[in-house]
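File shown: coords.pdb (PDB, C-alpha atoms and all ligand atoms).
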ATOM      1  CA  MET O   1     -37.674  82.820  -1.927
ATOM      2  CA  LYS O   2     -39.061  85.622   0.164
ATOM      3  CA  LEU O   3     -37.965  87.461   3.253
ATOM      4  CA  ASP O   4     -40.285  88.723   5.949
ATOM      5  CA  ALA O   5     -40.073  92.242   7.341
ATOM      6  CA  LYS O   6     -37.916  91.188  10.288
ATOM      7  CA  GLN O   7     -35.383  89.406   8.048
ATOM      8  CA  ILE O   8     -35.208  92.484   5.826
ATOM      9  CA  GLN O   9     -34.638  94.716   8.848
ATOM     10  CA  ASP O  10     -32.020  92.341  10.314
ATOM     11  CA  ASN O  11     -30.164  92.225   6.982
ATOM     12  CA  TRP O  12     -30.145  95.999   6.831
ATOM     13  CA  GLU O  13     -28.585  96.194  10.290
ATOM     14  CA  ILE O  14     -25.889  93.679   9.284
ATOM     15  CA  PHE O  15     -25.250  95.738   6.142
ATOM     16  CA  LEU O  16     -24.738  98.965   8.131
ATOM     17  CA  ASN O  17     -22.683  97.128  10.729
ATOM     18  CA  ASN O  18     -20.275  95.911   8.034
ATOM     19  CA  ILE O  19     -19.599  99.566   7.206
ATOM     20  CA  GLU O  20     -19.254 100.463  10.880
ATOM     21  CA  SER O  21     -16.867  97.572  11.572
ATOM     22  CA  HIS O  22     -14.653  97.584   8.487
ATOM     23  CA  ILE O  23     -14.589 101.021   6.875
ATOM     24  CA  THR O  24     -12.434 103.745   8.373
ATOM     25  CA  GLY O  25     -11.879 107.489   8.218
ATOM     26  CA  ASP O  26     -14.072 110.127   6.608
ATOM     27  CA  ARG O  27     -15.429 107.737   4.060
ATOM     28  CA  LYS O  28     -17.084 105.669   6.785
ATOM     29  CA  ILE O  29     -19.136 108.748   7.662
ATOM     30  CA  GLN O  30     -19.836 109.517   3.994
ATOM     31  CA  LEU O  31     -20.780 105.939   3.176
ATOM     32  CA  THR O  32     -23.101 105.622   6.186
ATOM     33  CA  LYS O  33     -24.720 108.962   5.323
ATOM     34  CA  PHE O  34     -25.233 107.814   1.730
ATOM     35  CA  TYR O  35     -26.829 104.482   2.650
ATOM     36  CA  GLU O  36     -29.025 106.035   5.338
ATOM     37  CA  LYS O  37     -30.241 108.602   2.803
ATOM     38  CA  TYR O  38     -31.382 105.847   0.434
ATOM     39  CA  ALA O  39     -32.295 103.277   3.097
ATOM     40  CA  ASP O  40     -35.954 103.023   2.123
ATOM     41  CA  ARG O  41     -34.998 102.134  -1.448
ATOM     42  CA  ILE O  42     -31.984  99.920  -0.864
ATOM     43  CA  MET O  43     -33.274  97.763   1.989
ATOM     44  CA  ILE O  44     -36.131  96.352  -0.106
ATOM     45  CA  MET O  45     -34.483  96.351  -3.541
ATOM     46  CA  PRO O  46     -34.269  93.047  -5.402
ATOM     47  CA  ALA O  47     -30.849  91.922  -6.678
ATOM     48  CA  ALA O  48     -32.292  91.338 -10.167
ATOM     49  CA  HIS O  49     -35.494  92.077 -12.075
ATOM     50  CA  LYS O  50     -36.273  88.527 -13.113
ATOM     51  CA  LYS O  51     -36.880  85.537 -10.849
ATOM     52  CA  GLU O  52     -34.777  83.333 -13.146
ATOM     53  CA  TYR O  53     -31.813  85.366 -11.893
ATOM     54  CA  HIS O  54     -30.660  85.397  -8.304
ATOM     55  CA  SER O  55     -32.435  87.118  -5.398
ATOM     56  CA  ALA O  56     -35.144  88.829  -7.462
ATOM     57  CA  PHE O  57     -37.385  89.475  -4.469
ATOM     58  CA  PRO O  58     -37.908  92.355  -1.997
ATOM     59  CA  GLY O  59     -34.815  92.620   0.183
ATOM     60  CA  GLY O  60     -32.824  90.396  -2.184
ATOM     61  CA  TYR O  61     -30.176  93.015  -2.882
ATOM     62  CA  VAL O  62     -29.018  93.488   0.717
ATOM     63  CA  ASP O  63     -29.310  89.750   1.377
ATOM     64  CA  HIS O  64     -26.998  89.162  -1.613
ATOM     65  CA  VAL O  65     -24.489  91.871  -0.671
ATOM     66  CA  ASN O  66     -24.217  90.577   2.901
ATOM     67  CA  ARG O  67     -23.570  87.088   1.532
ATOM     68  CA  VAL O  68     -20.877  88.439  -0.804
ATOM     69  CA  VAL O  69     -19.179  90.125   2.167
ATOM     70  CA  ARG O  70     -19.164  86.826   4.096
ATOM     71  CA  CYS O  71     -17.970  84.835   1.069
ATOM     72  CA  ALA O  72     -15.272  87.430   0.294
ATOM     73  CA  LEU O  73     -13.803  87.056   3.779
ATOM     74  CA  LYS O  74     -13.820  83.256   3.455
ATOM     75  CA  GLN O  75     -12.377  83.319  -0.071
ATOM     76  CA  SER O  76      -9.685  85.683   1.109
ATOM     77  CA  GLU O  77      -8.655  83.243   3.838
ATOM     78  CA  LEU O  78      -8.545  80.418   1.307
ATOM     79  CA  TRP O  79      -6.377  82.379  -1.120
ATOM     80  CA  GLY O  80      -4.063  83.401   1.712
ATOM     81  CA  SER O  81      -3.703  79.839   2.945
ATOM     82  CA  GLU O  82      -2.644  78.786  -0.550
ATOM     83  CA  GLY O  83       0.123  81.353  -0.752
ATOM     84  CA  CYS O  84      -1.564  84.378  -2.319
ATOM     85  CA  ASP O  85       0.277  87.614  -1.491
ATOM     86  CA  MET O  86      -2.172  89.144   0.970
ATOM     87  CA  THR O  87      -0.126  92.333   1.307
ATOM     88  CA  THR O  88      -1.355  93.602  -2.074
ATOM     89  CA  PHE O  89      -4.753  94.659  -0.688
ATOM     90  CA  THR O  90      -6.303  95.403   2.675
ATOM     91  CA  THR O  91      -9.305  93.835   4.413
ATOM     92  CA  GLU O  92     -10.969  97.242   4.225
ATOM     93  CA  GLU O  93     -10.534  97.246   0.427
ATOM     94  CA  LEU O  94     -11.995  93.745   0.266
ATOM     95  CA  ILE O  95     -15.074  94.662   2.335
ATOM     96  CA  PHE O  96     -15.567  98.054   0.694
ATOM     97  CA  SER O  97     -15.528  96.411  -2.755
ATOM     98  CA  ALA O  98     -17.934  93.684  -1.631
ATOM     99  CA  ILE O  99     -20.371  96.151  -0.021
ATOM    100  CA  ASN O 100     -20.448  98.371  -3.092
ATOM    101  CA  HIS O 101     -19.885  95.933  -5.966
ATOM    102  CA  ASP O 102     -23.536  96.003  -7.131
ATOM    103  CA  LEU O 103     -24.389  99.525  -5.993
ATOM    104  CA  GLY O 104     -25.112 100.541  -9.606
ATOM    105  CA  LYS O 105     -28.256  98.422  -9.400
ATOM    106  CA  MET O 106     -29.956 101.043  -7.247
ATOM    107  CA  GLY O 107     -30.398 103.493 -10.128
ATOM    108  CA  ASP O 108     -29.615 107.171  -9.603
ATOM    109  CA  ASP O 109     -30.604 109.754  -7.030
ATOM    110  CA  GLN O 110     -33.964 110.259  -8.750
ATOM    111  CA  HIS O 111     -34.921 106.952 -10.280
ATOM    112  CA  GLU O 112     -34.904 103.336  -9.158
ATOM    113  CA  SER O 113     -33.510 100.756 -11.614
ATOM    114  CA  TYR O 114     -36.100  98.106 -10.865
ATOM    115  CA  ILE O 115     -39.779  98.985 -10.592
ATOM    116  CA  PRO O 116     -42.722  96.585 -10.256
ATOM    117  CA  GLN O 117     -43.694  94.966 -13.553
ATOM    118  CA  THR O 118     -47.185  96.018 -14.630
ATOM    119  CA  ASP O 119     -47.368  93.813 -17.744
ATOM    120  CA  LYS O 120     -49.228  90.716 -16.532
ATOM    121  CA  TRP O 121     -48.081  88.562 -19.462
ATOM    122  CA  ARG O 122     -44.401  89.301 -18.882
ATOM    123  CA  LYS O 123     -44.868  88.714 -15.155
ATOM    124  CA  ASP O 124     -46.622  85.380 -15.629
ATOM    125  CA  LYS O 125     -44.729  84.044 -18.647
ATOM    126  CA  LEU O 126     -41.272  85.518 -18.235
ATOM    127  CA  GLY O 127     -41.089  85.637 -14.448
ATOM    128  CA  GLU O 128     -40.450  89.365 -14.443
ATOM    129  CA  ASP O 129     -41.722  90.670 -11.129
ATOM    130  CA  TYR O 130     -39.789  93.842 -11.857
ATOM    131  CA  THR O 131     -38.886  95.771 -14.959
ATOM    132  CA  PHE O 132     -36.145  98.273 -15.776
ATOM    133  CA  ASN O 133     -37.122 101.867 -15.217
ATOM    134  CA  LYS O 134     -37.048 103.584 -18.616
ATOM    135  CA  GLN O 135     -36.542 106.980 -17.003
ATOM    136  CA  LEU O 136     -33.009 105.925 -16.137
ATOM    137  CA  ALA O 137     -30.257 106.484 -18.724
ATOM    138  CA  PHE O 138     -28.285 103.338 -19.484
ATOM    139  CA  SER O 139     -25.073 102.590 -17.645
ATOM    140  CA  SER O 140     -23.354  99.351 -16.741
ATOM    141  CA  VAL O 141     -23.791  98.365 -13.085
ATOM    142  CA  PRO O 142     -20.091  98.906 -12.191
ATOM    143  CA  ASP O 143     -19.929 102.273 -13.975
ATOM    144  CA  ARG O 144     -23.064 103.539 -12.239
ATOM    145  CA  GLY O 145     -21.856 102.271  -8.869
ATOM    146  CA  LEU O 146     -18.520 104.051  -9.192
ATOM    147  CA  PHE O 147     -20.294 107.191 -10.394
ATOM    148  CA  LEU O 148     -22.606 107.140  -7.363
ATOM    149  CA  LEU O 149     -19.656 106.787  -4.995
ATOM    150  CA  GLN O 150     -17.746 109.743  -6.434
ATOM    151  CA  ASP O 151     -20.933 111.809  -6.778
ATOM    152  CA  ASN O 152     -21.471 111.388  -3.052
ATOM    153  CA  ASP O 153     -17.894 112.260  -2.114
ATOM    154  CA  ILE O 154     -17.024 108.695  -1.151
ATOM    155  CA  LYS O 155     -13.389 108.022  -2.007
ATOM    156  CA  TYR O 156     -12.253 104.649  -3.280
ATOM    157  CA  THR O 157      -8.791 103.276  -3.902
ATOM    158  CA  PHE O 158      -7.333 102.086  -7.207
ATOM    159  CA  ASN O 159      -7.675  98.462  -6.023
ATOM    160  CA  GLU O 160     -11.342  99.024  -5.160
ATOM    161  CA  MET O 161     -12.025 100.662  -8.516
ATOM    162  CA  VAL O 162     -10.621  97.690 -10.442
ATOM    163  CA  ALA O 163     -12.363  95.143  -8.186
ATOM    164  CA  ILE O 164     -15.788  96.807  -8.486
ATOM    165  CA  GLN O 165     -15.314  97.323 -12.220
ATOM    166  CA  THR O 166     -14.404  93.672 -12.857
ATOM    167  CA  HIS O 167     -16.579  91.883 -10.280
ATOM    168  CA  ASP O 168     -18.437  89.973 -13.017
ATOM    169  CA  GLY O 169     -15.126  88.514 -14.177
ATOM    170  CA  LEU O 170     -15.052  87.243 -17.747
ATOM    171  CA  TYR O 171     -18.858  87.007 -17.850
ATOM    172  CA  ASP O 172     -18.612  90.674 -18.891
ATOM    173  CA  SER O 173     -16.496  91.191 -22.001
ATOM    174  CA  ALA O 174     -15.838  94.772 -20.875
ATOM    175  CA  ASN O 175     -13.445  93.212 -18.358
ATOM    176  CA  ASP O 176     -11.228  91.625 -21.019
ATOM    177  CA  LYS O 177      -8.869  94.596 -20.870
ATOM    178  CA  TYR O 178      -8.192  93.918 -17.194
ATOM    179  CA  LEU O 179      -8.394  90.132 -17.098
ATOM    180  CA  LYS O 180      -7.158  88.907 -20.487
ATOM    181  CA  GLY O 181      -3.811  90.671 -20.632
ATOM    182  CA  TYR O 182      -1.049  88.317 -21.731
ATOM    183  CA  MET O 183       1.811  90.567 -20.672
ATOM    184  CA  PRO O 184       2.663  90.144 -16.970
ATOM    185  CA  GLU O 185       2.799  93.920 -16.509
ATOM    186  CA  GLN O 186      -0.785  94.215 -17.753
ATOM    187  CA  LYS O 187      -2.237  91.713 -15.312
ATOM    188  CA  PRO O 188      -3.796  92.955 -12.037
ATOM    189  CA  ARG O 189      -1.144  93.392  -9.350
ATOM    190  CA  THR O 190      -3.423  92.124  -6.656
ATOM    191  CA  SER O 191      -5.746  89.108  -6.448
ATOM    192  CA  LEU O 192      -8.531  91.245  -4.993
ATOM    193  CA  PRO O 193     -10.568  91.302  -8.268
ATOM    194  CA  PHE O 194     -10.445  87.500  -8.495
ATOM    195  CA  ILE O 195     -11.382  87.028  -4.840
ATOM    196  CA  LEU O 196     -14.344  89.407  -5.150
ATOM    197  CA  HIS O 197     -15.483  87.769  -8.387
ATOM    198  CA  GLN O 198     -15.357  84.317  -6.825
ATOM    199  CA  ALA O 199     -17.274  85.546  -3.766
ATOM    200  CA  ASP O 200     -19.956  87.142  -5.943
ATOM    201  CA  MET O 201     -20.270  84.076  -8.159
ATOM    202  CA  MET O 202     -20.442  81.784  -5.123
ATOM    203  CA  ALA O 203     -23.175  83.896  -3.498
ATOM    204  CA  ALA O 204     -25.233  84.165  -6.689
ATOM    205  CA  ARG O 205     -24.942  80.444  -7.392
ATOM    206  CA  ILE O 206     -26.059  79.544  -3.860
ATOM    207  CA  GLU O 207     -28.988  81.970  -4.126
ATOM    208  CA  PHE O 208     -29.956  80.312  -7.420
ATOM    209  CA  GLU O 209     -29.799  76.868  -5.814
ATOM    210  CA  VAL O 210     -31.967  77.894  -2.865
ATOM    211  CA  GLU O 211     -34.567  79.344  -5.220
ATOM    212  CA  TRP O 212     -34.575  76.769  -7.987
ATOM    213  CA  LEU O 213     -33.280  73.337  -7.008
ATOM    214  CA  PRO O 214     -36.370  72.510  -4.901
ATOM    215  CA  LYS O 215     -38.501  73.286  -7.952
ATOM    216  CA  PHE O 216     -36.679  70.525  -9.848
ATOM    217  CA  SER O 217     -37.291  67.934  -7.160
ATOM    218  CA  LYS O 218     -39.244  64.837  -8.122
ATOM    219  CA  GLU O 219     -42.342  65.924  -6.231
ATOM    220  CA  ASN O 220     -42.432  69.383  -7.736
ATOM    221  CA  LEU O 221     -41.752  68.374 -11.335
ATOM    222  CA  ASP O 222     -45.161  66.724 -11.406
ATOM    223  CA  THR O 223     -46.944  69.910 -10.450
ATOM    224  CA  SER O 224     -47.400  73.179 -12.288
ATOM    225  CA  LYS O 225     -44.680  75.776 -11.810
ATOM    226  CA  LYS O 226     -45.338  77.824  -8.715
ATOM    227  CA  GLY O 227     -42.838  80.672  -8.832
ATOM    228  CA  PHE O 228     -42.732  83.525  -6.416
ATOM    229  CA  THR O 229     -44.514  86.650  -7.584
ATOM    230  CA  LEU O 230     -45.375  89.792  -5.726
ATOM    231  CA  ASP O 231     -49.060  88.930  -6.017
ATOM    232  CA  ASN O 232     -48.925  85.606  -4.231
ATOM    233  CA  ASN O 233     -46.550  86.785  -1.545
ATOM    234  CA  LYS O 234     -48.400  86.692   1.758
ATOM    235  CA  LYS O 235     -48.817  89.815   3.795
ATOM    236  CA  SER O 236     -46.721  90.033   6.902
ATOM    237  CA  THR O 237     -48.149  91.183  10.183
ATOM    238  CA  THR O 238     -44.737  92.232  11.444
ATOM    239  CA  LYS O 239     -44.189  95.585   9.791
ATOM    240  CA  ASN O 240     -41.739  97.416  11.922
ATOM    241  CA  LYS O 241     -41.003 101.056  12.391
ATOM    242  CA  ALA O 242     -38.104 101.390   9.932
ATOM    243  CA  LEU O 243     -39.817  99.577   7.098
ATOM    244  CA  GLY O 244     -43.064 101.420   7.776
ATOM    245  CA  SER O 245     -41.291 104.719   7.112
ATOM    246  CA  ILE O 246     -40.612 103.970   3.438
ATOM    247  CA  LYS O 247     -41.474 107.022   1.380
ATOM    248  CA  SER O 248     -41.115 105.737  -2.190
ATOM    249  CA  GLU O 249     -44.581 105.066  -3.535
ATOM    250  CA  GLY O 250     -43.511 102.225  -5.823
ATOM    251  CA  LEU O 251     -41.508 100.483  -3.138
ATOM    252  CA  GLN O 252     -44.144 101.079  -0.487
ATOM    253  CA  ASN O 253     -46.449  99.230  -2.844
ATOM    254  CA  ILE O 254     -44.060  96.270  -2.847
ATOM    255  CA  PHE O 255     -43.704  96.389   0.914
ATOM    256  CA  ASP O 256     -47.454  96.429   1.405
ATOM    257  CA  LYS O 257     -47.496  93.031  -0.268
ATOM    258  CA  LEU O 258     -44.882  91.500   1.986
TER     259      LEU O 258
HETATM  260 FE    FE O 301     -23.374  90.624  -7.021
END
Mind converting the file's structure to structure tokens?
Amino acid sequence: MKLDAKQIQDNWEIFLNNIESHITGDRKIQLTKFYEKYADRIMIMPAAHKKEYHSAFPGGYVDHVNRVVRCALKQSELWGSEGCDMTTFTTEELIFSAINHDLGKMGDDQHESYIPQTDKWRKDKLGEDYTFNKQLAFSSVPDRGLFLLQDNDIKYTFNEMVAIQTHDGLYDSANDKYLKGYMPEQKPRTSLPFILHQADMMAARIEFEVEWLPKFSKENLDTSKKGFTLDNNKKSTTKNKALGSIKSEGLQNIFDKL
């Protein structure tokens, strides 16, 4: 899948509008300031480095996060309609956690996590359009995301901390301590982590289906695999002002190929 410049710009506006509409107080100002500071990086980030994963294309990150926000609101309604105690978390906590759940994927203030893959073999054979930036010290995505928030004076609640930390559910064994407690007093006291995890899983699964199921259709199975790579992505003639202002050399290079 690929997004054109207008879709990327539209997604970025939806992303900022979710902050404007759902986040309150000083942290709305701090959060907006933070995302505007890194706009040129975040708006064209992929959600993963490898096309076998979900949304590994320019603009895939914001596209994914916006979908998680929508799915989180719908999941929340479903849980509420089935009797979940909806007083244990707020809608702001739900949206804040969804907006920031994958923030750790951006890297740090100096270095991007995902940079264009230069190894042709890995790109062609392994579908890696991007590679991890070795200049970045290792951290899990949730840990880096929470670090970035506190490092930029953006406060988060206890509920938000647990939800962001555990958004991968039991796919990440680091979450066992939160999600595998047998004693009732050790279990989460809100369903927010489960709602966010389901929203994230739903979004990622749908993004996988959009990208891959057509490739398994009868017609396409007879032809050679034609995956999306940065090289065969057509150039767009609709560069707009915001996208044209990208300063990062590596990401400008990606954008030039849109
Ligand atoms: Fe995610």
Quick one: residues within 8 Å of ligand FE 301 (chain O), with all atoms listed in the file, as a PDB file with C-alpha atoms, keeping the file's coordinate frame?
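Here's the written file selection_32.pdb:
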ATOM      1  CA  ALA O  47     -30.849  91.922  -6.678  1.00  0.00           C
ATOM      2  CA  HIS O  64     -26.998  89.162  -1.613  1.00  0.00           C
ATOM      3  CA  VAL O  65     -24.489  91.871  -0.671  1.00  0.00           C
ATOM      4  CA  VAL O  68     -20.877  88.439  -0.804  1.00  0.00           C
ATOM      5  CA  HIS O 101     -19.885  95.933  -5.966  1.00  0.00           C
ATOM      6  CA  ASP O 102     -23.536  96.003  -7.131  1.00  0.00           C
ATOM      7  CA  HIS O 167     -16.579  91.883 -10.280  1.00  0.00           C
ATOM      8  CA  ASP O 168     -18.437  89.973 -13.017  1.00  0.00           C
ATOM      9  CA  ASP O 200     -19.956  87.142  -5.943  1.00  0.00           C
ATOM     10  CA  MET O 201     -20.270  84.076  -8.159  1.00  0.00           C
ATOM     11  CA  ALA O 203     -23.175  83.896  -3.498  1.00  0.00           C
ATOM     12  CA  ALA O 204     -25.233  84.165  -6.689  1.00  0.00           C
TER      13      ALA O 204
END
Which neighbours of Asn159 in chain O fall inside 12 Å, counting all atoms listed in the file, when residues of the same chain fewer than 2 positions from it are skipped, and could you give them as a ChimeraX atom specification?
/O:88-97,155-157,161-167,188-194,196
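For the set O:Asp4, O:Glu160, O:Glu77, O:Asp119, the residue with the smallest atom-to-atom gap to Gly145 in chain O is O:Glu160, counting all atoms listed in the file.
Note that the spacing between CA of Ser113 in chain O and CA of Asn133 in chain O amounts to 5.2 Å.
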Tell me, as an MDAnalysis selection string, which residues lie within 12 Å of Lys28 in chain O, counting all atoms listed in the file; anything in the same chain fewer than 5 positions away does not count.
chainID O and resid 16:23 33:35 92 96 153:156
Using only C-alpha atoms, which of the listed residues (O:Ala5, O:Cys84, O:Val62, O:Leu136) sits closest to Asp108 in chain O?
O:Leu136
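For Phe138 in chain O, the residues within 12 Å (counting only C-alpha atoms, excluding itself and residues fewer than 2 positions away along the chain) are Gly104, Lys105, Gly107, Asp108, His111, Ser113, Phe132, Asn133, Lys134, Gln135, Leu136, Ser140, Val141, Pro142, Asp143 and Arg144 of chain O.
Of the listed residues O:His54, O:Lys74, O:Arg67, O:Arg27, the one whose atoms come nearest to Glu207 in chain O is O:His54, with distances taken using all atoms listed in the file.
Taking CA of Glu13 in chain O and CA of Ile206 in chain O as endpoints, the distance between them is 22.0 Å.
What separates CA of Asn152 in chain O from CA of Lys177 in chain O is a distance of 27.5 Å.
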